[in-house]
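Report on one structure; see the data block that follows.
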2 protein chains.
Amino acid sequence: MTGVFEALGDATRRHVLALLSAGEQPAGAVVAALQARAPISQPAVSQHLKVLRDAGLVRVRAEGTRRFYALDDAGLAAARAWLTQLTDPLQGAAQPLDALATELARGRRADRARTDRADRTA
Amino acid sequence: MTGVFEALGDATRRHVLALLSAGEQPAGAVVAALQARAPISQPAVSQHLKVLRDAGLVRVRAEGTRRFYALDDAGLAAARAWLTQLTDPLQGAAQPLDALATELARGRRADRARTDRADRTA
DNA sequence: TCCCTCCATAAGCAAAGACTTATGGAGGAG
DNA sequence: CTCCTCCATAAGTCTTTGCTTATGGAGGGA
């Protein structure tokens, strides 16, 4: 949970998150997607994924030799909560409900997720 | 509007935003508050305020020789919107309403030092 | 077994950025 | 006008960090 905004501060990492918003993906797919946009090496992407992991913004699931990355609501909810609290000081109680709602939405989408294009504003 | 998350990526700048969440403050007060925490020079704070300004996270109001800084919902709403869109792709239409709601809350709080707030995201 | 693919870590480098001191303009008080 | 306070910008230093190439472990297929 440390360094959530530090992790979000990099455009490449935000692009990774946007990619994963389309659903769970193996590290190799993330590398390929980023390289389709700008030249970047595999280790560089791996390092970015580590930062996102340490920040609690993504989580990994190992399957054979592949590592599947997906968004993690732990960090995302933390970031949203901090921003919300900035303007709405006592929104603390409503936060868990909001987190639950987005979690449900994410899980639903993850089921039918496919190799769509994902190019959100970064 | 460019560089919202880059601006949020620095802990000192986030501390400035937290300070301003208590209400509008002159630059000098921000400097004093930060120096009460860790040694930092006045120009350093001024540079941080510039970054926040360029990111649309704060706005300035000149009064005599003082510059009063306050939170700006332009950047804050943009950040929240990006995070929300990451997990809830279809929330695009509801976003403006949310921004309006927090804007109203902010304005109300600015009038009175302390206020109570309820509901939203039922 | 050997090899090949997938991915993470190590080490070094170069660009970005956060900090410093020095300076100067703008506005109020005397 | 003169001085003094408040604040922003300039210039330079030093740390941070994002990138590279090199390497090696883990797992699957032959």
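Labels used: A, B, ... for chains in the order of the structure tokens, numbers from 1 for residues in each chain, and numbers from 1 for ligands as shown.
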Problem - Non-local contacts of range 13-24 of chain C (12 Å; only C-alpha atoms (C1' of nucleotides); under 2 positions in same chain excluded) as number ranges by chain - result: A: 10; B: 6-7, 9-13, 39-48, 51; C: 11, 26; D: 7-21
Using only C-alpha atoms, what table do you get, as JSON lines, when you list each residue of chain A with an atom no more than 6 Å from chain B, its nearest pair of atoms, and their distance in Å rounded to one decimal, rows by chain then rising number?
```
{"residue": "A:Phe5", "atom": "CA", "partner": "B:Gly9", "partner_atom": "CA", "distance": 4.8}
{"residue": "A:Glu6", "atom": "CA", "partner": "B:Gly9", "partner_atom": "CA", "distance": 4.3}
{"residue": "A:Gly9", "atom": "CA", "partner": "B:Glu6", "partner_atom": "CA", "distance": 4.3}
{"residue": "A:Ser21", "atom": "CA", "partner": "B:Leu86", "partner_atom": "CA", "distance": 5.6}
{"residue": "A:Leu86", "atom": "CA", "partner": "B:Ser21", "partner_atom": "CA", "distance": 5.6}
{"residue": "A:Thr87", "atom": "CA", "partner": "B:Arg106", "partner_atom": "CA", "distance": 5.9}
{"residue": "A:Arg106", "atom": "CA", "partner": "B:Thr87", "partner_atom": "CA", "distance": 5.7}
```
Exercise for the section: Tell me, as a list in words, which residues lie within 7 Å of range 59-70 of chain B, counting only C-alpha atoms (C1' of nucleotides); anything in the same chain fewer than 5 positions away does not count. Expected result: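 The filter keeps Leu20, Gly23, Glu24, Gln25, Pro26, Ala27 and Arg53 of chain B; DA26 and DG27 of chain C; DC6 of chain D.
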Each residue of chain C lying at most 10 Å from chain A should get a row with its shortest atom-to-atom pair and the distance in Å to one decimal, counting only C-alpha atoms (C1' of nucleotides); could you produce that, ordered by chain and increasing number, as CSV?
```
residue,atom,partner,partner_atom,distance
C:DT5,C1',A:Thr65,CA,8.4
C:DC6,C1',A:Thr65,CA,5.9
C:DC7,C1',A:Arg66,CA,7.6
C:DA8,C1',A:Ser46,CA,7.1
C:DT9,C1',A:Pro43,CA,8.9
```
Handout entry: Atom pair C1' of DT1 in chain C / C1' of DG29 in chain D: separation (Å)
Key =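 Distance between the two atoms: 12.1 Å.
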